[in-house]
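Here's my_file_35.tsv, which has TSV, C-alpha atoms and all ligand atoms:
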```
chain	number	residue	atom	x	y	z
M	1	MET	CA	32.45	-22.33	-7.18
M	2	ILE	CA	31.17	-19.31	-9.06
M	3	ASP	CA	33.42	-18.74	-12.03
M	4	ASN	CA	31.78	-16.83	-14.86
M	5	GLN	CA	29.05	-19.43	-15.43
M	6	LYS	CA	26.61	-18.20	-18.05
M	7	ILE	CA	23.00	-17.90	-16.88
M	8	LEU	CA	20.20	-17.48	-19.40
M	9	ILE	CA	17.43	-15.31	-17.90
M	10	THR	CA	14.25	-15.90	-19.85
M	11	ARG	CA	12.08	-12.91	-18.82
M	12	LYS	CA	12.34	-9.57	-17.07
M	13	TYR	CA	12.38	-10.70	-13.43
M	14	PRO	CA	12.31	-8.33	-10.40
M	15	ALA	CA	15.58	-6.59	-9.60
M	16	ALA	CA	15.67	-7.96	-6.03
M	17	GLY	CA	16.81	-11.37	-7.26
M	18	ILE	CA	18.67	-10.25	-10.37
M	19	ASN	CA	20.85	-7.93	-8.26
M	20	LEU	CA	21.88	-10.90	-6.11
M	21	LEU	CA	23.11	-12.63	-9.25
M	22	ARG	CA	24.85	-9.47	-10.46
M	23	GLN	CA	26.81	-9.32	-7.19
M	24	GLU	CA	28.38	-12.70	-7.99
M	25	ARG	CA	30.82	-13.60	-10.77
M	26	PHE	CA	28.18	-14.82	-13.23
M	27	CYS	CA	27.72	-13.86	-16.87
M	28	LEU	CA	24.05	-12.99	-17.27
M	29	THR	CA	22.23	-13.09	-20.59
M	30	PHE	CA	18.79	-11.45	-20.67
M	31	TRP	CA	15.97	-12.07	-23.12
M	32	GLU	CA	14.77	-8.53	-23.58
M	33	LYS	CA	11.57	-9.03	-25.61
M	34	ASP	CA	8.19	-8.65	-23.96
M	35	ARG	CA	7.13	-12.22	-24.77
M	36	PRO	CA	8.48	-15.64	-23.83
M	37	MET	CA	10.97	-17.27	-26.18
M	38	THR	CA	9.63	-19.83	-28.61
M	39	PRO	CA	10.90	-23.37	-27.92
M	40	GLU	CA	13.39	-22.94	-30.78
M	41	GLU	CA	14.69	-19.61	-29.49
M	42	LEU	CA	15.02	-21.04	-25.99
M	43	THR	CA	16.94	-24.12	-27.12
M	44	ALA	CA	19.26	-22.14	-29.37
M	45	ARG	CA	20.22	-19.79	-26.52
M	46	ALA	CA	20.35	-22.35	-23.71
M	47	LYS	CA	22.89	-24.45	-25.65
M	48	ASP	CA	25.78	-22.18	-24.68
M	49	HIS	CA	24.67	-21.43	-21.12
M	50	GLN	CA	25.30	-23.40	-17.94
M	51	SER	CA	22.07	-22.57	-16.18
M	52	LEU	CA	18.60	-21.28	-16.76
M	53	LEU	CA	16.39	-18.89	-14.81
M	54	CYS	CA	12.96	-19.60	-16.30
M	55	THR	CA	9.24	-19.51	-15.57
M	56	LEU	CA	5.94	-21.18	-16.32
M	57	THR	CA	5.71	-19.95	-19.91
M	58	ASP	CA	9.03	-21.60	-20.87
M	59	ARG	CA	8.60	-25.10	-22.22
M	60	ILE	CA	11.28	-27.28	-20.64
M	61	ASP	CA	10.21	-30.60	-22.16
M	62	LYS	CA	12.09	-33.72	-23.22
M	63	ARG	CA	12.90	-32.25	-26.61
M	64	PHE	CA	14.52	-29.23	-24.94
M	65	LEU	CA	16.34	-31.33	-22.33
M	66	ASP	CA	17.66	-33.74	-24.98
M	67	GLN	CA	19.31	-30.77	-26.66
M	68	CYS	CA	20.53	-29.16	-23.42
M	69	PRO	CA	21.60	-32.05	-21.16
M	70	HIS	CA	24.67	-30.04	-20.15
M	71	LEU	CA	22.70	-27.61	-17.94
M	72	ASP	CA	24.01	-27.46	-14.35
M	73	ILE	CA	20.74	-26.20	-12.86
M	74	ILE	CA	17.27	-25.04	-13.90
M	75	SER	CA	15.84	-22.42	-11.55
M	76	GLN	CA	12.12	-21.90	-11.95
M	77	PHE	CA	10.54	-18.57	-10.97
M	78	ALA	CA	7.21	-20.10	-9.81
M	79	VAL	CA	5.83	-22.53	-7.29
M	80	GLY	CA	4.26	-24.65	-10.06
M	81	TYR	CA	6.59	-26.46	-12.44
M	82	ASP	CA	4.27	-28.36	-14.77
M	83	ASN	CA	6.07	-26.67	-17.71
M	84	ILE	CA	9.15	-28.74	-16.84
M	85	ASP	CA	9.56	-32.45	-17.54
M	86	ILE	CA	10.87	-33.25	-14.05
M	87	PRO	CA	11.43	-37.01	-14.58
M	88	GLU	CA	13.52	-36.21	-17.67
M	89	ALA	CA	15.53	-33.50	-15.87
M	90	THR	CA	16.13	-35.99	-13.06
M	91	ARG	CA	17.25	-38.69	-15.51
M	92	LYS	CA	19.73	-36.20	-16.91
M	93	GLY	CA	20.94	-35.28	-13.40
M	94	ILE	CA	19.77	-31.65	-13.63
M	95	PRO	CA	18.52	-30.15	-10.34
M	96	VAL	CA	15.37	-28.07	-10.64
M	97	GLY	CA	14.82	-25.24	-8.14
M	98	TYR	CA	11.49	-23.49	-7.52
M	99	THR	CA	10.01	-20.77	-5.30
M	100	PRO	CA	7.53	-22.27	-2.80
M	101	ASP	CA	5.55	-20.15	-0.36
M	102	ALA	CA	6.82	-16.85	-1.77
M	103	MET	CA	3.39	-16.15	-3.23
M	104	SER	CA	1.05	-18.01	-0.87
M	105	GLU	CA	-0.46	-14.84	0.67
M	106	ALA	CA	-0.84	-13.16	-2.71
M	107	THR	CA	-2.49	-16.17	-4.34
M	108	ALA	CA	-4.83	-16.76	-1.40
M	109	ASP	CA	-5.89	-13.11	-1.71
M	110	ILE	CA	-6.76	-13.66	-5.36
M	111	ALA	CA	-8.78	-16.80	-4.54
M	112	PHE	CA	-10.60	-14.97	-1.74
M	113	GLY	CA	-11.20	-11.95	-3.97
M	114	LEU	CA	-12.53	-14.08	-6.81
M	115	MET	CA	-14.90	-15.80	-4.41
M	116	ILE	CA	-16.47	-12.50	-3.37
M	117	ALA	CA	-16.30	-11.12	-6.91
M	118	ALA	CA	-18.22	-14.10	-8.31
M	119	ALA	CA	-20.75	-14.25	-5.44
M	120	ARG	CA	-21.52	-10.55	-5.96
M	121	LYS	CA	-21.06	-10.43	-9.77
M	122	PHE	CA	-18.38	-7.71	-9.59
M	123	PHE	CA	-17.07	-8.03	-13.11
M	124	PHE	CA	-20.52	-8.22	-14.74
M	125	LEU	CA	-21.76	-5.19	-12.79
M	126	HIS	CA	-18.64	-3.25	-13.71
M	127	LYS	CA	-19.32	-4.01	-17.37
M	128	THR	CA	-22.88	-2.68	-17.11
M	129	ILE	CA	-21.44	0.76	-16.29
M	130	ILE	CA	-18.92	0.64	-19.12
M	131	ASN	CA	-21.73	-0.39	-21.50
M	132	GLY	CA	-24.00	2.48	-20.38
M	133	GLN	CA	-26.48	0.07	-18.75
M	134	TRP	CA	-26.42	1.33	-15.16
M	135	GLY	CA	-30.10	2.35	-15.32
M	136	TYR	CA	-32.04	2.83	-12.08
M	137	PHE	CA	-31.69	1.09	-8.74
M	138	ASN	CA	-33.46	-2.20	-9.26
M	139	PRO	CA	-34.48	-4.10	-6.11
M	140	THR	CA	-34.64	-7.50	-7.78
M	141	ALA	CA	-32.05	-7.51	-10.58
M	142	HIS	CA	-28.63	-9.21	-10.65
M	143	LEU	CA	-28.61	-10.39	-7.06
M	144	GLY	CA	-25.67	-12.24	-5.57
M	145	PHE	CA	-25.51	-14.20	-2.33
M	146	GLU	CA	-23.90	-13.85	1.09
M	147	LEU	CA	-20.94	-15.96	2.12
M	148	LYS	CA	-21.48	-16.05	5.88
M	149	GLY	CA	-21.47	-19.63	7.12
M	150	LYS	CA	-21.22	-21.21	3.67
M	151	THR	CA	-19.13	-24.38	3.40
M	152	LEU	CA	-15.68	-23.92	1.89
M	153	GLY	CA	-14.29	-26.96	0.09
M	154	ILE	CA	-10.56	-26.95	-0.62
M	155	PHE	CA	-9.07	-29.28	-3.20
M	156	GLY	CA	-5.40	-29.39	-2.20
M	157	LEU	CA	-5.02	-28.13	1.36
M	158	GLY	CA	-1.36	-27.11	1.28
M	159	ARG	CA	0.39	-23.78	1.78
M	160	ILE	CA	-2.00	-21.68	-0.35
M	161	GLY	CA	-5.15	-23.67	0.48
M	162	VAL	CA	-4.55	-23.12	4.20
M	163	LYS	CA	-4.25	-19.36	3.71
M	164	MET	CA	-7.47	-19.27	1.68
M	165	ALA	CA	-9.23	-21.26	4.43
M	166	GLN	CA	-7.90	-18.91	7.13
M	167	ARG	CA	-9.31	-15.91	5.27
M	168	CYS	CA	-12.71	-17.57	4.77
M	169	LYS	CA	-12.98	-18.63	8.42
M	170	ALA	CA	-11.95	-15.21	9.74
M	171	ALA	CA	-14.22	-13.23	7.42
M	172	TYR	CA	-17.28	-15.48	7.13
M	173	ASP	CA	-16.94	-18.22	9.74
M	174	MET	CA	-17.05	-20.79	6.96
M	175	PRO	CA	-16.78	-24.48	7.90
M	176	VAL	CA	-13.89	-26.04	5.96
M	177	ILE	CA	-13.85	-29.43	4.27
M	178	TYR	CA	-10.99	-30.59	2.07
M	179	HIS	CA	-9.72	-33.36	-0.13
M	180	ASN	CA	-6.05	-34.29	-0.41
M	181	ARG	CA	-4.39	-37.58	-1.36
M	182	THR	CA	-2.71	-37.53	2.03
M	183	ARG	CA	-4.36	-35.89	5.01
M	184	ASN	CA	-3.00	-32.67	6.52
M	185	PRO	CA	-3.40	-33.16	10.33
M	186	ALA	CA	-1.77	-29.82	11.24
M	187	ALA	CA	-4.19	-27.90	9.03
M	188	GLU	CA	-7.14	-30.00	10.27
M	189	LYS	CA	-6.31	-28.94	13.80
M	190	GLN	CA	-5.65	-25.30	13.00
M	191	LEU	CA	-8.75	-24.82	10.83
M	192	ASN	CA	-11.01	-27.44	12.32
M	193	ALA	CA	-11.09	-28.79	8.76
M	194	THR	CA	-12.59	-32.14	7.85
M	195	TRP	CA	-11.10	-34.47	5.25
M	196	VAL	CA	-13.77	-35.81	2.87
M	197	SER	CA	-13.69	-38.00	-0.24
M	198	PHE	CA	-13.54	-36.23	-3.60
M	199	ASP	CA	-17.24	-36.97	-4.21
M	200	ARG	CA	-18.26	-35.56	-0.81
M	201	LEU	CA	-16.19	-32.45	-1.54
M	202	LEU	CA	-18.14	-31.96	-4.77
M	203	GLU	CA	-21.50	-32.61	-3.14
M	204	GLN	CA	-21.06	-30.51	0.01
M	205	SER	CA	-19.03	-27.42	-1.00
M	206	ASP	CA	-20.76	-24.07	-1.46
M	207	ILE	CA	-17.44	-22.63	-2.57
M	208	LEU	CA	-14.98	-25.13	-4.07
M	209	SER	CA	-11.48	-23.69	-4.35
M	210	VAL	CA	-8.67	-25.50	-6.17
M	211	HIS	CA	-5.12	-25.26	-4.78
M	212	CYS	CA	-3.37	-28.41	-6.01
M	213	ALA	CA	-0.50	-28.89	-8.47
M	214	LEU	CA	-1.22	-29.83	-12.08
M	215	THR	CA	-0.21	-33.49	-12.46
M	216	PRO	CA	-1.42	-36.35	-14.69
M	217	GLU	CA	-3.84	-37.25	-11.83
M	218	THR	CA	-5.32	-33.75	-11.46
M	219	ARG	CA	-5.50	-32.83	-15.17
M	220	HIS	CA	-9.21	-32.37	-16.04
M	221	ILE	CA	-10.30	-33.81	-12.68
M	222	PHE	CA	-12.98	-31.08	-12.65
M	223	ASN	CA	-14.91	-32.36	-15.64
M	224	ALA	CA	-18.57	-32.92	-16.57
M	225	ARG	CA	-18.87	-35.77	-14.09
M	226	ALA	CA	-17.50	-33.62	-11.29
M	227	PHE	CA	-19.61	-30.53	-12.08
M	228	GLU	CA	-22.77	-32.70	-12.21
M	229	LYS	CA	-22.20	-33.65	-8.58
M	230	MET	CA	-21.82	-30.07	-7.35
M	231	LYS	CA	-24.61	-27.96	-5.84
M	232	PRO	CA	-26.50	-25.73	-8.31
M	233	SER	CA	-25.69	-22.90	-5.87
M	234	ALA	CA	-21.92	-23.60	-5.80
M	235	VAL	CA	-19.08	-21.40	-6.99
M	236	PHE	CA	-15.98	-23.03	-8.49
M	237	ILE	CA	-12.68	-21.18	-7.92
M	238	ASN	CA	-9.42	-22.13	-9.66
M	239	THR	CA	-6.23	-20.18	-8.95
M	240	ALA	CA	-3.89	-23.17	-9.48
M	241	ARG	CA	-3.60	-24.25	-13.13
M	242	GLY	CA	-6.11	-24.02	-15.98
M	243	PRO	CA	-6.02	-27.65	-17.16
M	244	ILE	CA	-7.18	-28.88	-13.72
M	245	HIS	CA	-10.67	-28.05	-14.94
M	246	LYS	CA	-11.94	-29.05	-18.37
M	247	GLU	CA	-13.01	-25.73	-19.78
M	248	PRO	CA	-15.75	-26.90	-22.21
M	249	ASP	CA	-17.29	-28.93	-19.37
M	250	LEU	CA	-17.17	-25.90	-17.06
M	251	ILE	CA	-18.89	-23.74	-19.68
M	252	ASP	CA	-21.51	-26.43	-20.17
M	253	ALA	CA	-22.11	-26.81	-16.41
M	254	LEU	CA	-22.56	-23.02	-16.07
M	255	ASN	CA	-24.90	-22.88	-19.05
M	256	LYS	CA	-26.98	-25.76	-17.69
M	257	LYS	CA	-26.94	-24.11	-14.21
M	258	GLN	CA	-25.41	-27.23	-12.67
M	259	ILE	CA	-23.24	-24.78	-10.73
M	260	TRP	CA	-23.94	-21.13	-9.96
M	261	GLY	CA	-20.70	-19.39	-10.86
M	262	ALA	CA	-16.92	-19.47	-11.21
M	263	GLY	CA	-13.85	-17.41	-10.37
M	264	LEU	CA	-10.78	-18.23	-12.43
M	265	ASP	CA	-7.25	-16.89	-12.31
M	266	VAL	CA	-6.05	-19.65	-14.62
M	267	THR	CA	-7.43	-20.86	-17.93
M	268	ASP	CA	-6.58	-23.36	-20.63
M	269	PRO	CA	-5.12	-22.11	-22.88
M	270	GLU	CA	-3.47	-18.97	-21.53
M	271	PRO	CA	-3.98	-16.33	-22.66
M	272	MET	CA	-7.73	-16.87	-22.94
M	273	ALA	CA	-9.34	-15.74	-26.22
M	274	LYS	CA	-11.20	-12.47	-25.79
M	275	ASP	CA	-14.44	-13.96	-27.16
M	276	ASN	CA	-14.42	-16.87	-24.68
M	277	PRO	CA	-18.04	-17.42	-23.50
M	278	LEU	CA	-16.91	-17.38	-19.85
M	279	LEU	CA	-16.12	-13.68	-20.20
M	280	SER	CA	-19.73	-12.77	-20.88
M	281	MET	CA	-21.32	-14.85	-18.13
M	282	GLU	CA	-22.95	-12.87	-15.33
M	283	ASN	CA	-21.66	-15.10	-12.49
M	284	VAL	CA	-18.12	-15.63	-13.77
M	285	CYS	CA	-15.01	-13.57	-12.99
M	286	VAL	CA	-11.76	-14.26	-14.84
M	287	LEU	CA	-8.30	-12.82	-14.16
M	288	PRO	CA	-5.20	-13.23	-16.36
M	289	HIS	CA	-3.09	-15.50	-14.08
M	290	ALA	CA	-2.30	-12.73	-11.62
M	291	GLY	CA	-2.19	-14.81	-8.41
M	292	SER	CA	1.39	-14.00	-7.46
M	293	GLY	CA	1.15	-10.45	-8.84
M	294	THR	CA	2.14	-8.36	-5.84
M	295	MET	CA	5.44	-6.50	-5.60
M	296	GLU	CA	6.23	-8.37	-2.39
M	297	ALA	CA	5.55	-11.84	-3.78
M	298	ARG	CA	7.37	-11.28	-7.07
M	299	ASP	CA	10.41	-9.86	-5.22
M	300	ARG	CA	10.49	-12.89	-2.91
M	301	MET	CA	10.15	-15.24	-5.87
M	302	SER	CA	13.07	-13.60	-7.66
M	303	VAL	CA	15.22	-13.79	-4.53
M	304	LEU	CA	14.47	-17.51	-4.00
M	305	ALA	CA	15.10	-18.26	-7.67
M	306	ALA	CA	18.45	-16.43	-7.54
M	307	GLU	CA	19.46	-18.05	-4.25
M	308	ASN	CA	18.78	-21.49	-5.69
M	309	ILE	CA	21.42	-20.82	-8.36
M	310	ILE	CA	23.93	-19.06	-6.10
M	311	GLU	CA	23.78	-21.72	-3.39
M	312	PHE	CA	24.11	-24.47	-5.95
M	313	TYR	CA	27.37	-23.07	-7.29
M	314	LYS	CA	28.70	-22.14	-3.84
M	315	THR	CA	27.76	-25.22	-1.82
M	316	GLY	CA	26.27	-27.83	-4.15
M	317	ARG	CA	22.92	-27.45	-2.37
M	318	VAL	CA	19.69	-26.05	-3.83
M	319	PRO	CA	17.61	-24.61	-0.96
M	320	HIS	CA	14.26	-25.15	-2.70
M	321	ILE	CA	14.54	-28.15	-4.97
M	322	VAL	CA	11.92	-30.20	-6.79
M	323	ASN	CA	14.07	-33.29	-7.42
M	324	PRO	CA	16.45	-33.65	-4.41
M	325	GLU	CA	17.39	-37.17	-5.50
M	326	VAL	CA	19.64	-35.60	-8.16
M	327	LEU	CA	21.91	-34.15	-5.48
M	328	ALA	CA	21.68	-37.06	-3.03
M	401	LIG	C1	2.30	-19.21	-10.51
M	401	LIG	O1	1.38	-19.62	-11.13
M	401	LIG	C2	3.26	-20.05	-9.86
M	401	LIG	O2	3.23	-21.28	-10.06
M	401	LIG	O3	4.12	-19.52	-9.13
```
Represent the structure of the file as C-alpha cells.
Ligand code: GLV
Amino acid sequence: MIDNQKILITRKYPAAGINLLRQERFCLTFWEKDRPMTPEELTARAKDHQSLLCTLTDRIDKRFLDQCPHLDIISQFAVGYDNIDIPEATRKGIPVGYTPDAMSEATADIAFGLMIAAARKFFFLHKTIINGQWGYFNPTAHLGFELKGKTLGIFGLGRIGVKMAQRCKAAYDMPVIYHNRTRNPAAEKQLNATWVSFDRLLEQSDILSVHCALTPETRHIFNARAFEKMKPSAVFINTARGPIHKEPDLIDALNKKQIWGAGLDVTDPEPMAKDNPLLSMENVCVLPHAGSGTMEARDRMSVLAAENIIEFYKTGRVPHIVNPEVLA
C-alpha cells in the first residue's frame, strides 16, 4: 500500500518517471546538486527514507547497507548494477530493481558509432581542424579502413550485443562470432552467429565489442594477455563498464601496436582525466559514458525505475528485479 513512504531520489531523473511517482501518495526527496552524493551524504539522507531511486554513481556497498538495512526497495536507474552489493542487499531482504532493455538501442548505436569513428579516426581528424592542422588534401595521410565483411566478435551476446550485431550485419555484412558463458541459441539462429572460446574470439575478431556485465569474472578480463592474442588490425570497443578492460594494458597494447585502435564509452576511473594518453591517440575515440544518452532511452529508464517502486508498494512485485529470491 502506498502511504506517504519517503523516497530518496539521488539525481535529476527524467520527468516521465518522476511524474508517475508524483501521482502516487509518496513523499519525494530530491538531491538537487549537480553531482552525486558522497557516500556519507547518501547514508545520512537514506537513513530516514523507506526507498531509494539511485544510479550507477551511487555507492550502495556493504557499509551503506549495514547502516540502512531498513530500506524497503532500491530502484536502480540503469541496466548495470555493479555499484550495488547485491548479495548483501539480498541477505538483508532488500529487493533491487533495475531498468533492462530500456537503453539497448541507444547503447548499440554508441557501440556502432564508436566502431566507425575509430576505424575512420573521427575524433583525431576533428582535432586536426580545431588545432589549425587541416592543411592540404593528403592522399596517404591518416588512413582508416573499411568495415565491409570484417568479423565482428561480441563478448556478451545479450540484449545490447544482439542489437550491435544486427547493425553490423545490416550495414557491412559482417560475420558474427561471440563468446558467452552460456550459449544464446536464439541469437545464433537470428544472426547466424557462431559461439567460440574466449581465445578464438580474441584471435579472430576484427572488431571486438564488449557487452557483458561487470562481475568478479569479467573484471580486467581484457588485459595484457588478452590484447596480445588479438589481431594487430583489430579494434576494441567497450560500451559496458570500464573495469572490464585493464586500462594500462590497453594503453600498452595500443602503443606497441598489438591492436589497431579502440572505441570506449566507459573508462576506469570515470570521469577520465583530461591528460589520459588514450585521448591523444590517433586511432582511439572516447566518449563520457553516454551509451543510454537519448531522450527516449532515459525516459524509458525513468519510467521502469518508477514502476519498480510503485508496483512494489501496490502489489509486492517488482517488475524488473535483480534478486527475485528476496520476494519469493
Ligand atoms: C548504463 O551504463 C547502464 O548501466 O544503464
Using only C-alpha atoms: which of M:Asn308, M:Ser205, M:Asn283, M:Ser302 has the shortest distance to M:Phe122:
M:Asn283
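Residue nearest ligand LIG 401 (chain M) within the list M:Glu41, M:Glu307, M:Asp265, M:Asp3: M:Asp265 [criterion: smallest interatomic distance, all atoms listed in the file].
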Which residues are near ligand LIG 401 (chain M) - at most 12 Å, using only C-alpha atoms and all ligand atoms? Format: as a ChimeraX atom specification.
/M:54-57,76-84,98-108,110,160,211-214,238-242,265-267,270,288-294,297-298,300-302,304-305
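With only the atoms specified (all atoms listed in the file) counting, those residues at most 9 Å away from (16.7, -8.8, -24.0) are Ile9, Thr10, Arg11, Lys12, Thr29, Phe30, Trp31, Glu32, Lys33 and Asp34 of chain M.
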Write the selection just made, keeping C-alpha atoms, as a PDB file, in the coordinates of the input?
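The new file out_29.pdb reads:
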```pdb
ATOM      1  CA  ILE M   9      17.430 -15.310 -17.900  1.00  0.00           C
ATOM      2  CA  THR M  10      14.250 -15.900 -19.850  1.00  0.00           C
ATOM      3  CA  ARG M  11      12.080 -12.910 -18.820  1.00  0.00           C
ATOM      4  CA  LYS M  12      12.340  -9.570 -17.070  1.00  0.00           C
ATOM      5  CA  THR M  29      22.230 -13.090 -20.590  1.00  0.00           C
ATOM      6  CA  PHE M  30      18.790 -11.450 -20.670  1.00  0.00           C
ATOM      7  CA  TRP M  31      15.970 -12.070 -23.120  1.00  0.00           C
ATOM      8  CA  GLU M  32      14.770  -8.530 -23.580  1.00  0.00           C
ATOM      9  CA  LYS M  33      11.570  -9.030 -25.610  1.00  0.00           C
ATOM     10  CA  ASP M  34       8.190  -8.650 -23.960  1.00  0.00           C
TER      11      ASP M  34
END
```
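The gap separating atom CA of M:Arg59 from atom CA of M:Ile154 is 28.9 Å, in Å to one decimal.
Using only C-alpha atoms, the nearest neighbour of M:Ser280 within the list M:Lys189, M:Ile251, M:Gln166, M:Gly149 is M:Ile251.
Closest approach to M:Leu287 among M:Leu264, M:Ala306, M:Val196, M:Ala111: M:Leu264, based on all atoms listed in the file.
If all atoms listed in the file are the atoms counted, then among M:Pro87, M:Pro36, M:Pro248, M:Gly93 the closest residue to M:Val326 is M:Gly93.
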Could you get me a file of stretch 37-56 of chain M with N, CA and C atoms, as a PDB file, in the first residue's frame, taken from the block above?
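File produced: out-v7.pdb:
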```
ATOM      1  N   MET M  37      25.827  12.291  -4.602  1.00  0.00           N
ATOM      2  CA  MET M  37      26.140  12.438  -3.175  1.00  0.00           C
ATOM      3  C   MET M  37      27.404  11.659  -2.843  1.00  0.00           C
ATOM      4  N   THR M  38      28.146  12.143  -1.861  1.00  0.00           N
ATOM      5  CA  THR M  38      29.256  11.334  -1.348  1.00  0.00           C
ATOM      6  C   THR M  38      28.626  10.169  -0.573  1.00  0.00           C
ATOM      7  N   PRO M  39      29.403   9.118  -0.308  1.00  0.00           N
ATOM      8  CA  PRO M  39      28.836   8.004   0.475  1.00  0.00           C
ATOM      9  C   PRO M  39      28.251   8.491   1.807  1.00  0.00           C
ATOM     10  N   GLU M  40      28.908   9.464   2.441  1.00  0.00           N
ATOM     11  CA  GLU M  40      28.423   9.951   3.743  1.00  0.00           C
ATOM     12  C   GLU M  40      27.098  10.686   3.580  1.00  0.00           C
ATOM     13  N   GLU M  41      27.029  11.532   2.555  1.00  0.00           N
ATOM     14  CA  GLU M  41      25.779  12.273   2.314  1.00  0.00           C
ATOM     15  C   GLU M  41      24.632  11.318   2.005  1.00  0.00           C
ATOM     16  N   LEU M  42      24.949  10.288   1.226  1.00  0.00           N
ATOM     17  CA  LEU M  42      23.914   9.325   0.830  1.00  0.00           C
ATOM     18  C   LEU M  42      23.396   8.576   2.058  1.00  0.00           C
ATOM     19  N   THR M  43      24.317   8.095   2.874  1.00  0.00           N
ATOM     20  CA  THR M  43      23.899   7.334   4.063  1.00  0.00           C
ATOM     21  C   THR M  43      23.072   8.214   4.988  1.00  0.00           C
ATOM     22  N   ALA M  44      23.552   9.434   5.223  1.00  0.00           N
ATOM     23  CA  ALA M  44      22.848  10.313   6.170  1.00  0.00           C
ATOM     24  C   ALA M  44      21.414  10.537   5.711  1.00  0.00           C
ATOM     25  N   ARG M  45      21.207  10.725   4.418  1.00  0.00           N
ATOM     26  CA  ARG M  45      19.843  11.004   3.924  1.00  0.00           C
ATOM     27  C   ARG M  45      18.989   9.737   3.839  1.00  0.00           C
ATOM     28  N   ALA M  46      19.624   8.634   3.431  1.00  0.00           N
ATOM     29  CA  ALA M  46      18.831   7.399   3.233  1.00  0.00           C
ATOM     30  C   ALA M  46      18.290   6.862   4.560  1.00  0.00           C
ATOM     31  N   LYS M  47      18.933   7.258   5.680  1.00  0.00           N
ATOM     32  CA  LYS M  47      18.536   6.698   6.978  1.00  0.00           C
ATOM     33  C   LYS M  47      17.075   6.961   7.301  1.00  0.00           C
ATOM     34  N   ASP M  48      16.545   8.119   6.885  1.00  0.00           N
ATOM     35  CA  ASP M  48      15.132   8.362   7.214  1.00  0.00           C
ATOM     36  C   ASP M  48      14.241   8.305   5.959  1.00  0.00           C
ATOM     37  N   HIS M  49      14.609   7.434   5.023  1.00  0.00           N
ATOM     38  CA  HIS M  49      13.748   7.186   3.865  1.00  0.00           C
ATOM     39  C   HIS M  49      13.453   5.692   3.770  1.00  0.00           C
ATOM     40  N   GLN M  50      12.332   5.370   3.121  1.00  0.00           N
ATOM     41  CA  GLN M  50      11.984   3.944   3.003  1.00  0.00           C
ATOM     42  C   GLN M  50      12.502   3.338   1.706  1.00  0.00           C
ATOM     43  N   SER M  51      12.727   4.174   0.703  1.00  0.00           N
ATOM     44  CA  SER M  51      13.258   3.596  -0.530  1.00  0.00           C
ATOM     45  C   SER M  51      14.152   4.588  -1.254  1.00  0.00           C
ATOM     46  N   LEU M  52      14.860   4.035  -2.219  1.00  0.00           N
ATOM     47  CA  LEU M  52      15.932   4.781  -2.868  1.00  0.00           C
ATOM     48  C   LEU M  52      15.773   4.639  -4.371  1.00  0.00           C
ATOM     49  N   LEU M  53      15.790   5.774  -5.071  1.00  0.00           N
ATOM     50  CA  LEU M  53      15.887   5.752  -6.537  1.00  0.00           C
ATOM     51  C   LEU M  53      17.287   6.254  -6.847  1.00  0.00           C
ATOM     52  N   CYS M  54      18.157   5.326  -7.333  1.00  0.00           N
ATOM     53  CA  CYS M  54      19.582   5.659  -7.415  1.00  0.00           C
ATOM     54  C   CYS M  54      20.129   5.272  -8.786  1.00  0.00           C
ATOM     55  N   THR M  55      21.424   5.525  -8.992  1.00  0.00           N
ATOM     56  CA  THR M  55      22.027   5.146 -10.270  1.00  0.00           C
ATOM     57  C   THR M  55      23.480   4.745 -10.075  1.00  0.00           C
ATOM     58  N   LEU M  56      24.155   4.500 -11.206  1.00  0.00           N
ATOM     59  CA  LEU M  56      25.462   3.855 -11.154  1.00  0.00           C
ATOM     60  C   LEU M  56      26.549   4.634 -10.411  1.00  0.00           C
TER      61      LEU M  56
END
```
